[in-house]
Amino acid sequence: MSQQHTIDEQSPSGDTESRKVWLDRKNLAAFKRDGFLVIRGLCSEAVCQEMLEVVNDSLSPALAPVEYEADVHYPGAPPSRTSPGGDTPRRLLNAFARDDIFRRWATGTRVAEIVRNLLQTDQVQASQNHHNCVMTKFPGYGSETGWHQDMRYWSFDRPELITAWLALGPENSENGALCVIPGSHRNSYDRGQFDAALFFRTDLKNNRALTETTRTIELKAGDVLFFHCRLLHSAGRNQTERVKLSVVFTYHAQTNRPISGTRSAEHPDIDLSAT
Ligand SMILES: O=C(O)CCC(=O)C(=O)O
């Protein structure tokens, strides 16, 4: 899928630490066509390890702010916080403020440069209001997420945001990796194709024609999936014995403003122009 190649010049963002070019014209065209792109090994082993240590320290007990599986009511989630498995976290929220390692990753040169290229602007911002979390998918009570577009609850001038999903360990169909429908970000949809909670209905034949074209995004620690906010995606349950952990941030162009008074505008965006 995505390729990396090395050049002898300094990268446009002035990243002297690495002379790798993480995106080429082919990657950009693939992102435009498919709505997603995987960059292998974007995050170093050392940084992944540092994040894992912070995450493990934050999980027993789970340090607030936390979203629990019981809060989402998705298939496989415990019915309430007081039922068995009710204390299973789904997301460690506010990663940006949680530890400097997440802040450095979210605003680092590599991610910033890629997001600038994908959004085709020099002025990009990270949202503190959406994602900005460590996704945890536990064995046992980790729930299934139906087909949806992330944009469904987000309020911006334009549906043009990109999420960077960093795997801290293996992600595959056994432990609930993301599945995507390539190109689905380019389609227009009728409201009736989605249910009350804005999940893509699988009881409709036309919708099923799309969900049959799904691709599972297998990742290894350090790989990053970049995906468009209109891309239909879903995820299964974790059938393994190990928790799956991913660090997830969302970006938009500075000119694509969150609508004032909505959740998307609650906390200030983080400007990446200094990166
Ligand atoms: O890991 C999952 O279950 C899916 C997460 C997801 O798609 C989301 O939070 O938007």
# chains A, B, ... in the order shown; residues from 1 in each chain; ligands from 1
>>> closest_atom_pairs(of="chain A", to="ligand 1", cutoff="6 Å", atoms="only C-alpha atoms and all ligand atoms", output="CSV")
residue,atom,partner,partner_atom_place_in_ligand_line,distance
A:Glu144,CA,ligand 1,3 (O),5.4
A:Thr145,CA,ligand 1,3 (O),4.5
A:Asp150,CA,ligand 1,10 (O),5.5
A:Ser234,CA,ligand 1,7 (O),5.6
A:Ala235,CA,ligand 1,3 (O),4.6
>>> residues_around(residues="A:Asn27", least_positions_apart="2", cutoff="12 Å", atoms="only C-alpha atoms", output="list in words")
Met1, Ser2, Gln3, Gln4, His5, Val21, Trp22, Leu23, Asp24, Arg25, Ala29, Ala30, Phe31, Lys32, Arg33, Asp34, Gly35, Phe36, Leu37, Val38, Ile39, Ile114, Asn117, Leu118 and Phe226 of chain A
>>> closest_atom_pairs(of="stretch 35-114 of chain A", to="stretch 256-271 of chain A", cutoff="12 Å", atoms="only C-alpha atoms", output="CSV")
residue,atom,partner,partner_atom,distance
A:Asn94,CA,A:His267,CA,10.6
A:Phe96,CA,A:Ile270,CA,9.5
A:Ala97,CA,A:Ile270,CA,11.4
A:Arg103,CA,A:Ile270,CA,9.8
A:Arg104,CA,A:Ile270,CA,11.8
A:Ala106,CA,A:Ile270,CA,9.5
A:Thr107,CA,A:Ile270,CA,8.3
A:Gly108,CA,A:Asp271,CA,11.6
A:Ala112,CA,A:Asp271,CA,10.2
>>> write_last_selection(atoms="N, CA and C atoms", output="PDB file, in the first residue's frame")
ATOM      1  N   ASN A  94      -8.777  13.099  26.405  1.00  0.00           N
ATOM      2  CA  ASN A  94      -7.881  14.250  26.519  1.00  0.00           C
ATOM      3  C   ASN A  94      -6.400  13.845  26.560  1.00  0.00           C
ATOM      4  N   PHE A  96      -4.129  14.898  24.780  1.00  0.00           N
ATOM      5  CA  PHE A  96      -3.264  16.061  24.589  1.00  0.00           C
ATOM      6  C   PHE A  96      -2.758  16.615  25.923  1.00  0.00           C
ATOM      7  N   ALA A  97      -3.642  16.670  26.909  1.00  0.00           N
ATOM      8  CA  ALA A  97      -3.253  17.222  28.207  1.00  0.00           C
ATOM      9  C   ALA A  97      -2.766  16.137  29.164  1.00  0.00           C
ATOM     10  N   ARG A 103       1.333  14.983  23.329  1.00  0.00           N
ATOM     11  CA  ARG A 103       1.382  16.324  22.737  1.00  0.00           C
ATOM     12  C   ARG A 103       2.494  16.389  21.685  1.00  0.00           C
ATOM     13  N   ARG A 104       3.647  15.824  22.050  1.00  0.00           N
ATOM     14  CA  ARG A 104       4.784  15.858  21.111  1.00  0.00           C
ATOM     15  C   ARG A 104       4.459  15.050  19.846  1.00  0.00           C
ATOM     16  N   ALA A 106       1.369  14.349  18.639  1.00  0.00           N
ATOM     17  CA  ALA A 106       0.259  14.962  17.884  1.00  0.00           C
ATOM     18  C   ALA A 106       0.711  16.175  17.083  1.00  0.00           C
ATOM     19  N   THR A 107       1.717  16.884  17.591  1.00  0.00           N
ATOM     20  CA  THR A 107       2.142  18.114  16.923  1.00  0.00           C
ATOM     21  C   THR A 107       3.518  17.958  16.280  1.00  0.00           C
ATOM     22  N   GLY A 108       4.044  16.745  16.282  1.00  0.00           N
ATOM     23  CA  GLY A 108       5.402  16.514  15.769  1.00  0.00           C
ATOM     24  C   GLY A 108       5.513  16.736  14.268  1.00  0.00           C
ATOM     25  N   ALA A 112       2.599  16.388  11.338  1.00  0.00           N
ATOM     26  CA  ALA A 112       2.199  17.710  10.818  1.00  0.00           C
ATOM     27  C   ALA A 112       2.443  17.791   9.314  1.00  0.00           C
TER      28      ALA A 112
END
>>> atom_distance(atom1="atom CA of A:Ala221", atom2="atom CA of A:Leu42")
9.4 Å
>>> select_by_dssp(residues="stretch 75-268 of chain A", states="alpha helix (DSSP H)", output="PyMOL selection string")
chain A and resi 95-98+100-107+109-119+205-211
>>> residues_around(residues="A:Asn132", least_positions_apart="3", cutoff="9 Å", atoms="only C-alpha atoms", output="short mmCIF file (atom, residue, chain, number, x, y, z; two decimals) with N, CA and C atoms, in the first residue's frame")
data_model
loop_
_atom_site.label_atom_id
_atom_site.label_comp_id
_atom_site.auth_asym_id
_atom_site.auth_seq_id
_atom_site.Cartn_x
_atom_site.Cartn_y
_atom_site.Cartn_z
N LEU A 92 -9.22 6.57 26.87
CA LEU A 92 -8.61 7.52 27.81
C LEU A 92 -8.69 8.86 27.09
N LEU A 93 -9.50 9.76 27.63
CA LEU A 93 -9.77 11.01 26.93
C LEU A 93 -8.70 12.05 27.19
N ASN A 94 -8.78 13.10 26.41
CA ASN A 94 -7.88 14.25 26.52
C ASN A 94 -6.40 13.84 26.56
N ALA A 95 -6.01 13.09 25.58
CA ALA A 95 -4.61 12.64 25.50
C ALA A 95 -3.67 13.85 25.44
N PHE A 96 -4.13 14.90 24.78
CA PHE A 96 -3.26 16.06 24.59
C PHE A 96 -2.76 16.61 25.92
N ALA A 106 1.37 14.35 18.64
CA ALA A 106 0.26 14.96 17.88
C ALA A 106 0.71 16.18 17.08
N ALA A 126 -4.84 20.85 15.27
CA ALA A 126 -5.34 19.60 15.86
C ALA A 126 -6.54 19.97 16.73
N SER A 127 -7.57 19.13 16.68
CA SER A 127 -8.75 19.39 17.51
C SER A 127 -8.56 18.76 18.88
N GLN A 128 -8.93 19.52 19.93
CA GLN A 128 -8.93 18.91 21.26
C GLN A 128 -10.30 18.30 21.56
N ASN A 129 -11.27 18.56 20.66
CA ASN A 129 -12.66 18.18 20.95
C ASN A 129 -13.06 16.82 20.38
N VAL A 247 -3.47 5.45 19.56
CA VAL A 247 -3.47 6.87 19.92
C VAL A 247 -4.07 7.64 18.74
N VAL A 248 -5.11 8.44 19.01
CA VAL A 248 -5.90 8.97 17.89
C VAL A 248 -6.11 10.49 18.01
N PHE A 249 -5.69 11.21 16.97
CA PHE A 249 -5.87 12.67 16.91
C PHE A 249 -6.49 13.07 15.58
N THR A 250 -7.19 14.21 15.58
CA THR A 250 -7.87 14.69 14.37
C THR A 250 -7.43 16.11 14.02
#
>>> residues_around(residues="A:Cys48", least_positions_apart="6", cutoff="9 Å", atoms="only C-alpha atoms", output="ChimeraX atom specification")
/A:167-169,221-222
>>> write_last_selection(atoms="N, CA and C atoms", output="CSV table (one decimal), in the first residue's frame")
chain,number,residue,atom,x,y,z
A,167,ALA,N,-1.1,2.9,15.9
A,167,ALA,CA,-1.2,1.6,16.6
A,167,ALA,C,0.0,1.5,17.5
A,168,LEU,N,-0.3,1.1,18.8
A,168,LEU,CA,0.8,0.9,19.8
A,168,LEU,C,1.1,-0.6,19.8
A,169,GLY,N,0.3,-1.4,19.1
A,169,GLY,CA,0.6,-2.8,19.1
A,169,GLY,C,-0.1,-3.4,17.8
A,221,ALA,N,2.8,-2.0,15.6
A,221,ALA,CA,3.1,-0.9,16.4
A,221,ALA,C,4.0,0.1,15.6
A,222,GLY,N,3.6,1.4,15.7
A,222,GLY,CA,4.3,2.4,15.0
A,222,GLY,C,3.7,2.8,13.6
>>> closest_residue(among="A:Arg116, A:Lys205, A:Val134, A:Asn172", to="A:Leu63", atoms="only C-alpha atoms")
A:Val134
